[in-house]
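K.L.:
This structure is in structure tokens; I'll ask about it shortly.
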There are 2 protein chains.
Amino acid sequence: MEYFADRMANIKASDIRELLKIAARPDIISFAGGLPAPELFPVEDMKTALDAVMTEQGRIAMQYGPTDGNLRLREQICERVAAKNNIHTDPEHVFITAGSQQGLDFLGKLFLNPGDYVVLESPSYLGAINAFKQYQPNFVSVPTDENGMIMEELDKVLASTPNVKLIYIIPDFQNPSGRTWPLERRKQFMEIINKYGVHAIEDNPYGDLRFKGEYLPSLKSMDTEGLIVYFGSFSKILSPGFRVGWIIADGKIVEKVNHIAQAAVLQTATINMMAIAKYMDMFDIDEHVAKILPVYKHRCELMIDTMRETFPKEAKFTDPDGGLFTWVELPEYVNTRELAPKAMEQKVAYVPGSGFYPKGDVNNGMRLNYSCSTDDKIVKGINILADVIKGALK
Amino acid sequence: MEYFADRMANIKASDIRELLKIAARPDIISFAGGLPAPELFPVEDMKTALDAVMTEQGRIAMQYGPTDGNLRLREQICERVAAKNNIHTDPEHVFITAGSQQGLDFLGKLFLNPGDYVVLESPSYLGAINAFKQYQPNFVSVPTDENGMIMEELDKVLASTPNVKLIYIIPDFQNPSGRTWPLERRKQFMEIINKYGVHAIEDNPYGDLRFKGEYLPSLKSMDTEGLIVYFGSFSKILSPGFRVGWIIADGKIVEKVNHIAQAAVLQTATINMMAIAKYMDMFDIDEHVAKILPVYKHRCELMIDTMRETFPKEAKFTDPDGGLFTWVELPEYVNTRELAPKAMEQKVAYVPGSGFYPKGDVNNGMRLNYSCSTDDKIVKGINILADVIKGALK
């Protein structure tokens with residue numbers, strides 16, 4: 001297929017995707033996805049908001065709209081990030097995307113020449129790795145511990161790596177690790193990127209889903225040099241099916257992202273932006289998030305407690321303060337990709353860890369999602385997984 | 001801004017966009033946009049469809065969905081292109097995009113290495129030129145006459161140009177020219193691309209908007225070698241604000257487009273696909289299109305008749321059989337970009353032709369849109385334009 005572009009060698013179907021297809025079968029207990037719990041979606045309220053938009057402004061909702069997104073929605077996002085994340089900005093610095101995956105594609109397109117370097121946490125979000133791979137960069141992974149990225153290691157990487165264009169991080173309830181950076185690391189991070197003048201994407205889809213521990217300020221709230229490109233999303237707090245997220249960045253970056261969007265997609269769907277804006281005008285989204293939190297807290301604690309009871313001591317795992325995931329690390333000789341079919345035989349699915357490393361060369365991790373499973377499935381599935389893991393130990 | 005990628009030198013705001021911003025003012029008679037008439041949107045029916053989706057399948061509509069798109073919608077598209085375009089395919093060969101602009105971005109990403117060649121009609125759609133420019137290709141423009149692309153010239157171009165990866169064409173009611181290829185040219189085109197084995201994008205957003213003349217078969221319906229990538233869209237027949245279009249292509253291409261979408265955007269919004277599918281299940285979209293056609297026919301004829309009465313004989317223009325646009329060619333010494341501010345002083349806006357040429361080096365064309373203006377604005381605006389044009393003639 002030599003008529004395809006060279007970059008296509010980097011853009012492949014993952015075998016994880018094949019796994020997820022099987023994991024979607026109703027007889028499977030799936031900890032593999034990253035889906036919010038659909039029974040918590042505010043379906044009635046969103047229906048009311050859609051109805052109001054179509055009744056009051058149907059022609060506008062069905063027509064083309066501005067590339068940077070609905071103004072009312074951008075105003076609401078400014079109010080919300082001021083209240084929730086201590087980020088003080090204006091609508092001109094907010095750009096609406098059709099979800100954060102699109103933002104990752106745009107930022108890769110904006111910054112990356114083939115061969116440029118992207119710095120990641122190790123492990124990092126596989127969707128970000130795949131978005132950046134389209135632009136043929138090199139990756140450098142910075143070691144992490146239970147408190148996230150190790151800043152001394154980041155400093156070393158930036159001192160020794162040429163052409164670092166972007167750092168990609170999730171400081172709150174990271175995907176896949178579930179880890180959160182403490183305040184001191186956040187301050188160190190900002191000092192380091194300011195020293196080197198390197199841009200960083202702070203991806204924060206889970207920040208509002210804190211069900212334990214204390215609020216920590218976003219990196220963007222400490223950004224004095226315009227180096228942080230902040231990503232937010234309605235996918236995990238409201239609805240992923242509406243595909244609405246946002247970027248907050250320096251004016252020069254927002255302007256370039258606008259030019260990319262004009263060429264790549266024109267705009268995010270008008271009706272979707274207006275419906276979410278109307279939903280937030282008619283209802284209290286924080287009240288909705290407050291309904292989600294105790295459910296996710298309960299499911300997380302049930303999963304972690306069951307793991308503590310049943311997993312062998314060789315299995316280390318995160319006890320997250322929020323978000324959707326816990327992360328299991330097994331002895332290095334255990335290959336979780338080879339283990340996945342064995343769990344699947346017992347009708348339990350998880351995501352093997354290798355996809356969260358750019359070279360796919362670390363094989364002893366597994367990502368488990370707790371947000372989307374009932375209590376009995378969590379207990380039953382974790383018990384089965386415990387046996388599968390024990391069978392793989394030497 | 002040397003930290004941005006090299007490709008950004010190709011991704012710029014057009015000065016046309018600045019013009020369009022001013023043209024959006026309510027006191028301006030704008031022939032500049034490419035908007036469908038909002039007073040014809042089926043707002044009530046779409047509200048009913050949205051309501052039904054949220055009532056019957058709200059949780060599914062708000063959740064993540066498959067990358068290739070809602071299955072029911074892909075089935076309906078298969079039925080529709082069989083009936084309307086004589087294209088016989090199955091849902092596995094249909095990929096849903098968030099509008100055709102996204103499809104252009106995906107196909108550029110799939111096919112184009114920097115320096116590869118894209119073959120265009122001259123003039124060609126500026127949105128396609130801008131989408132492809134992101135991937136740093138070279139362009140070759142094939143001369144056209146009143147019947148579209150001149151096939152002898154295409155043959156010469158393909159015989160003499162290395163690394164032609166894609167041909168981009170709009171055989172029906174082309175944007176910007178309003179021209180339609182007759183049957184014989186379509187047959188010749190297929191013979192030529194089969195001879196050279198070159199892929200072509202047949203972009204057909206306006207095909208259903210034929211208000212005069214006879215139906216002509218799509219290129220895709222004559223494609224025996226899987227070389228045609230067919231683009232369709234709901235933007236011009238139903239709603240651009242929902243951002244739903246589709247690609248029909250060979251299996252290998254659909255598979256690769258799926259991989260690109262996974263990395264670039266995940267999926268088109270679930271709610272939007274389900275709402276359009278429900279709309280087509282509950283209502284007759286052809287009945288809706290049948291309501292649009294006489295309005296666009298009338299507006300087109302009024303514009304053309306007024307141009308015939310008022311424009312100087314040096315101005316040549318298309319009398320389109322459908323679609324949204326007519327195209328004016330003035331003597332080569334007239335620069336329509338320089339003329340635009342003079343028309344704007346008189347509160348009339350159009351799109352100068354240079355953006356429809358990849359090098360921006362042909363300056364005597366203007367694109368006029370008739371779908372979105374009332375009768376009195378068409379008559380008044382064309383009379384003003386006639387005077388502005390006369391003032392520019394030697």
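Scheme for the structure tokens: letters A, B, ... for chains in order shown; per-chain residue numbers from 1; ligand numbers from 1 in order shown.
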Based on only C-alpha atoms, which of the residues in chain A come within 6 Å of chain B? I want them as JSON, numbers by chain.

P.N.:
{"A": [4, 5, 12, 13, 38, 43, 47, 54, 58, 59, 62, 63, 64, 101, 102, 105, 110, 111, 112, 113, 130, 131, 239, 240, 241, 242, 243, 259, 263, 264, 265, 269, 270]}

K.L.:
If you keep N, CA and C atoms, can you produce a file of those selected residues as a tab-separated table (two decimals), in the first residue's frame?

P.N.:
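To be explicit, this is the file written out as out19.tsv:
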chain	number	residue	atom	x	y	z
A	4	PHE	N	-0.13	5.12	0.31
A	4	PHE	CA	-0.45	5.87	1.52
A	4	PHE	C	0.78	6.65	2.00
A	5	ALA	N	0.51	7.69	2.80
A	5	ALA	CA	1.60	8.54	3.29
A	5	ALA	C	2.45	7.78	4.31
A	12	LYS	N	-1.91	2.99	13.50
A	12	LYS	CA	-2.35	1.61	13.36
A	12	LYS	C	-3.50	1.31	14.30
A	13	ALA	N	-4.24	0.26	13.98
A	13	ALA	CA	-5.21	-0.26	14.93
A	13	ALA	C	-4.43	-0.93	16.05
A	38	PRO	N	-23.37	5.22	32.53
A	38	PRO	CA	-24.50	5.81	31.79
A	38	PRO	C	-25.74	6.00	32.64
A	43	VAL	N	-30.18	12.46	31.71
A	43	VAL	CA	-30.88	12.36	30.42
A	43	VAL	C	-32.07	13.31	30.36
A	47	LYS	N	-32.41	16.45	27.86
A	47	LYS	CA	-33.53	16.49	26.92
A	47	LYS	C	-34.25	17.84	27.01
A	54	MET	N	-33.87	24.05	20.70
A	54	MET	CA	-34.56	23.91	19.41
A	54	MET	C	-35.80	24.81	19.35
A	58	GLY	N	-33.74	27.34	17.24
A	58	GLY	CA	-33.55	26.17	16.38
A	58	GLY	C	-32.76	26.46	15.11
A	59	ARG	N	-33.07	27.60	14.48
A	59	ARG	CA	-32.37	27.91	13.22
A	59	ARG	C	-30.90	28.17	13.44
A	62	MET	N	-29.07	24.82	14.11
A	62	MET	CA	-28.88	23.95	12.94
A	62	MET	C	-27.92	24.56	11.91
A	63	GLN	N	-27.51	25.81	12.11
A	63	GLN	CA	-26.68	26.51	11.12
A	63	GLN	C	-25.19	26.42	11.49
A	64	TYR	N	-24.33	26.73	10.51
A	64	TYR	CA	-22.91	26.91	10.80
A	64	TYR	C	-22.73	27.93	11.92
A	101	GLN	N	-9.58	14.54	22.57
A	101	GLN	CA	-8.77	13.82	21.58
A	101	GLN	C	-8.49	14.72	20.38
A	102	GLN	N	-9.49	15.51	19.97
A	102	GLN	CA	-9.27	16.45	18.87
A	102	GLN	C	-8.26	17.52	19.26
A	105	ASP	N	-4.85	16.06	18.78
A	105	ASP	CA	-4.50	16.06	17.36
A	105	ASP	C	-4.06	17.46	16.91
A	110	LEU	N	0.15	21.36	15.52
A	110	LEU	CA	0.70	22.70	15.72
A	110	LEU	C	2.19	22.68	16.05
A	111	PHE	N	2.62	21.71	16.86
A	111	PHE	CA	3.97	21.78	17.41
A	111	PHE	C	4.99	20.83	16.77
A	112	LEU	N	4.54	19.70	16.23
A	112	LEU	CA	5.49	18.60	15.99
A	112	LEU	C	5.94	18.45	14.55
A	113	ASN	N	7.22	18.66	14.31
A	113	ASN	CA	7.86	18.18	13.09
A	113	ASN	C	8.29	16.73	13.31
A	130	ASN	N	-1.05	7.99	20.80
A	130	ASN	CA	-1.49	7.72	19.43
A	130	ASN	C	-1.77	9.00	18.65
A	131	ALA	N	-2.32	10.02	19.32
A	131	ALA	CA	-2.55	11.30	18.62
A	131	ALA	C	-1.22	11.90	18.17
A	239	SER	N	-21.31	14.20	29.50
A	239	SER	CA	-21.62	13.27	28.42
A	239	SER	C	-20.49	13.19	27.41
A	240	PRO	N	-19.93	11.99	27.20
A	240	PRO	CA	-18.94	11.87	26.12
A	240	PRO	C	-19.56	11.87	24.73
A	241	GLY	N	-20.83	11.44	24.63
A	241	GLY	CA	-21.49	11.33	23.33
A	241	GLY	C	-21.79	12.66	22.67
A	242	PHE	N	-21.70	13.75	23.46
A	242	PHE	CA	-21.90	15.08	22.87
A	242	PHE	C	-20.60	15.63	22.26
A	243	ARG	N	-19.45	15.05	22.62
A	243	ARG	CA	-18.15	15.44	22.05
A	243	ARG	C	-17.90	16.94	22.16
A	259	HIS	N	-6.79	28.39	13.22
A	259	HIS	CA	-6.44	28.18	11.81
A	259	HIS	C	-6.44	26.68	11.46
A	263	ALA	N	-9.08	24.52	8.79
A	263	ALA	CA	-8.64	23.62	7.72
A	263	ALA	C	-9.08	22.18	7.95
A	264	ALA	N	-9.23	21.79	9.22
A	264	ALA	CA	-9.41	20.38	9.54
A	264	ALA	C	-10.85	19.97	9.80
A	265	VAL	N	-11.72	20.90	10.23
A	265	VAL	CA	-13.04	20.45	10.67
A	265	VAL	C	-14.10	21.55	10.67
A	269	ALA	N	-19.91	20.92	16.55
A	269	ALA	CA	-21.33	20.99	16.19
A	269	ALA	C	-22.05	22.08	17.00
A	270	THR	N	-22.75	22.96	16.30
A	270	THR	CA	-23.44	24.10	16.93
A	270	THR	C	-24.46	23.63	17.97

K.L.:
Excluding B:Phe317 and residues on its chain fewer than 4 positions from it, collect all residues at most 9 Å away from it, counting only C-alpha atoms, and give them as a list in words.

P.N.:
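So, after excluding close chain neighbours, the residues are Ser177, Ile304, Met307, Thr326, Trp327, Val328, Glu329 and Leu330 of chain B.
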
K.L.:
Using only N, CA and C atoms, please write the residues we just selected to a file, as a PDB file, in the first residue's frame.

P.N.:
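The resulting out.pdb:
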ATOM      1  N   SER B 177     -17.625  27.174  -8.987  1.00  0.00           N
ATOM      2  CA  SER B 177     -18.030  27.576 -10.346  1.00  0.00           C
ATOM      3  C   SER B 177     -19.492  27.310 -10.666  1.00  0.00           C
ATOM      4  N   ILE B 304     -29.547  35.253 -11.565  1.00  0.00           N
ATOM      5  CA  ILE B 304     -29.009  35.165 -12.932  1.00  0.00           C
ATOM      6  C   ILE B 304     -29.733  36.161 -13.851  1.00  0.00           C
ATOM      7  N   MET B 307     -28.503  39.541 -13.134  1.00  0.00           N
ATOM      8  CA  MET B 307     -27.154  39.714 -13.682  1.00  0.00           C
ATOM      9  C   MET B 307     -27.225  39.940 -15.190  1.00  0.00           C
ATOM     10  N   THR B 326     -23.117  30.770  -8.063  1.00  0.00           N
ATOM     11  CA  THR B 326     -22.718  31.102  -9.433  1.00  0.00           C
ATOM     12  C   THR B 326     -21.345  31.777  -9.363  1.00  0.00           C
ATOM     13  N   TRP B 327     -20.673  31.759 -10.501  1.00  0.00           N
ATOM     14  CA  TRP B 327     -19.264  32.185 -10.568  1.00  0.00           C
ATOM     15  C   TRP B 327     -19.137  33.190 -11.685  1.00  0.00           C
ATOM     16  N   VAL B 328     -18.542  34.324 -11.375  1.00  0.00           N
ATOM     17  CA  VAL B 328     -18.404  35.406 -12.346  1.00  0.00           C
ATOM     18  C   VAL B 328     -16.937  35.523 -12.743  1.00  0.00           C
ATOM     19  N   GLU B 329     -16.696  35.589 -14.047  1.00  0.00           N
ATOM     20  CA  GLU B 329     -15.333  35.867 -14.502  1.00  0.00           C
ATOM     21  C   GLU B 329     -15.308  37.199 -15.236  1.00  0.00           C
ATOM     22  N   LEU B 330     -14.437  38.079 -14.752  1.00  0.00           N
ATOM     23  CA  LEU B 330     -14.299  39.418 -15.326  1.00  0.00           C
ATOM     24  C   LEU B 330     -13.034  39.450 -16.194  1.00  0.00           C
TER      25      LEU B 330
END

K.L.:
With only C-alpha atoms as the counted atoms, please give the residues lying no more than 7 Å from stretch 384-391 of chain A, apart from itself and same-chain residues fewer than 2 positions off, as a list in words.

P.N.:
Thr310, Phe311, Pro312, Ala343, Lys380, Gly381, Ile382 and Leu393 of chain A

K.L.:
Mind writing the picked residues with C-alpha atoms as a JSON list (two decimals), in the first residue's frame?

P.N.:
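Output file again_25.json follows:
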[["chain", "number", "residue", "atom", "x", "y", "z"],
["A", 310, "THR", "CA", -7.67, -11.09, 47.14],
["A", 311, "PHE", "CA", -4.61, -9.90, 45.18],
["A", 312, "PRO", "CA", -1.25, -11.47, 46.02],
["A", 343, "ALA", "CA", -8.76, -13.43, 32.05],
["A", 380, "LYS", "CA", -16.73, -11.14, 41.17],
["A", 381, "GLY", "CA", -14.39, -9.73, 38.52],
["A", 382, "ILE", "CA", -11.62, -8.79, 40.96],
["A", 393, "LEU", "CA", 3.33, -15.73, 39.55]]

K.L.:
Give me, as an MDAnalysis selection string, the residues of stretch 120-318 of chain B that a backbone DSSP run labels strand (DSSP E).

P.N.:
chainID B and resid 120:121 138:142 144:145 148:149 164:169 199:203 228:233 245:248 316:317

K.L.:
Those selected residues, please, written with C-alpha atoms and delivered as a PDB file, in the first residue's frame.

P.N.:
ATOM      1  CA  LEU B 120      -7.506  19.992  -8.754  1.00  0.00           C
ATOM      2  CA  GLU B 121     -10.066  21.563 -11.027  1.00  0.00           C
ATOM      3  CA  ASN B 138       2.193  20.426  -4.473  1.00  0.00           C
ATOM      4  CA  PHE B 139      -0.885  21.239  -6.514  1.00  0.00           C
ATOM      5  CA  VAL B 140      -1.544  20.942 -10.232  1.00  0.00           C
ATOM      6  CA  SER B 141      -4.670  22.616 -11.560  1.00  0.00           C
ATOM      7  CA  VAL B 142      -6.423  21.211 -14.624  1.00  0.00           C
ATOM      8  CA  THR B 144     -11.884  23.764 -17.055  1.00  0.00           C
ATOM      9  CA  ASP B 145     -14.563  25.029 -19.394  1.00  0.00           C
ATOM     10  CA  GLY B 148     -16.043  21.282 -15.887  1.00  0.00           C
ATOM     11  CA  MET B 149     -12.616  19.650 -16.041  1.00  0.00           C
ATOM     12  CA  VAL B 164       0.050  12.223  -7.969  1.00  0.00           C
ATOM     13  CA  LYS B 165      -1.661  10.781  -4.895  1.00  0.00           C
ATOM     14  CA  LEU B 166      -5.104  12.331  -5.136  1.00  0.00           C
ATOM     15  CA  ILE B 167      -7.433  14.066  -7.542  1.00  0.00           C
ATOM     16  CA  TYR B 168     -10.068  16.270  -5.928  1.00  0.00           C
ATOM     17  CA  ILE B 169     -13.242  17.080  -7.899  1.00  0.00           C
ATOM     18  CA  HIS B 199      -7.371   7.792  -6.361  1.00  0.00           C
ATOM     19  CA  ALA B 200      -9.922  10.594  -6.576  1.00  0.00           C
ATOM     20  CA  ILE B 201     -12.210  12.255  -4.044  1.00  0.00           C
ATOM     21  CA  GLU B 202     -15.676  12.834  -5.522  1.00  0.00           C
ATOM     22  CA  ASP B 203     -17.066  15.522  -3.218  1.00  0.00           C
ATOM     23  CA  ILE B 228     -13.182   6.814  -5.992  1.00  0.00           C
ATOM     24  CA  VAL B 229     -13.570   8.039  -2.417  1.00  0.00           C
ATOM     25  CA  TYR B 230     -17.097   9.438  -2.324  1.00  0.00           C
ATOM     26  CA  PHE B 231     -18.006  12.248   0.108  1.00  0.00           C
ATOM     27  CA  GLY B 232     -21.589  13.012   1.100  1.00  0.00           C
ATOM     28  CA  SER B 233     -23.013  15.361   3.723  1.00  0.00           C
ATOM     29  CA  GLY B 245     -21.132  13.731   6.697  1.00  0.00           C
ATOM     30  CA  TRP B 246     -19.889  10.441   5.296  1.00  0.00           C
ATOM     31  CA  ILE B 247     -17.203   8.763   3.240  1.00  0.00           C
ATOM     32  CA  ILE B 248     -17.857   5.751   0.992  1.00  0.00           C
ATOM     33  CA  LYS B 316     -19.216  35.986 -17.872  1.00  0.00           C
ATOM     34  CA  PHE B 317     -21.112  33.872 -15.378  1.00  0.00           C
TER      35      PHE B 317
END

K.L.:
Which is closer to B:Pro171 than all the others in B:Val362, B:Ala290, B:Ile150, B:Ala249, using only C-alpha atoms?

P.N.:
B:Ile150

K.L.:
Set the distance at 10 Å and use only C-alpha atoms: which residues neighbour B:His88 once local chain neighbours fewer than 2 positions away are removed? I'd like the list as a list in words.

P.N.:
Cys78, Glu79, Arg80, Val81, Ala82, Ala83, Asn85, Asn86, Asp90, Lys220 and Ser221 of chain B

K.L.:
Show which residues sit within 8 Å of A:Asp27, as a tab-separated table (two decimals) with N, CA and C atoms, in the first residue's frame. Count only C-alpha atoms, and ignore same-chain residues fewer than 2 positions away.

P.N.:
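After the write, result_16.tsv holds the following:
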chain	number	residue	atom	x	y	z
A	25	ARG	N	-19.09	-7.25	24.98
A	25	ARG	CA	-20.15	-8.25	25.05
A	25	ARG	C	-20.79	-8.25	26.43
A	29	ILE	N	-17.40	-9.18	32.21
A	29	ILE	CA	-17.18	-8.15	33.23
A	29	ILE	C	-16.01	-7.32	32.75
A	347	LYS	N	-14.09	-14.48	31.42
A	347	LYS	CA	-15.05	-13.40	31.17
A	347	LYS	C	-14.77	-12.12	31.97

K.L.:
What is the distance, in Å and to one decimal place, between atom CA of A:Tyr296 and atom CA of A:Met344?

P.N.:
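Spanning atom CA of A:Tyr296 to atom CA of A:Met344 is a straight-line distance of 24.4 Å.
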
K.L.:
Within stretch 135-212 of chain B, find each residue whose DSSP state, derived from the backbone, is alpha helix (DSSP H), and express the selection as an MDAnalysis selection string.

P.N.:
chainID B and resid 151:160 183:196
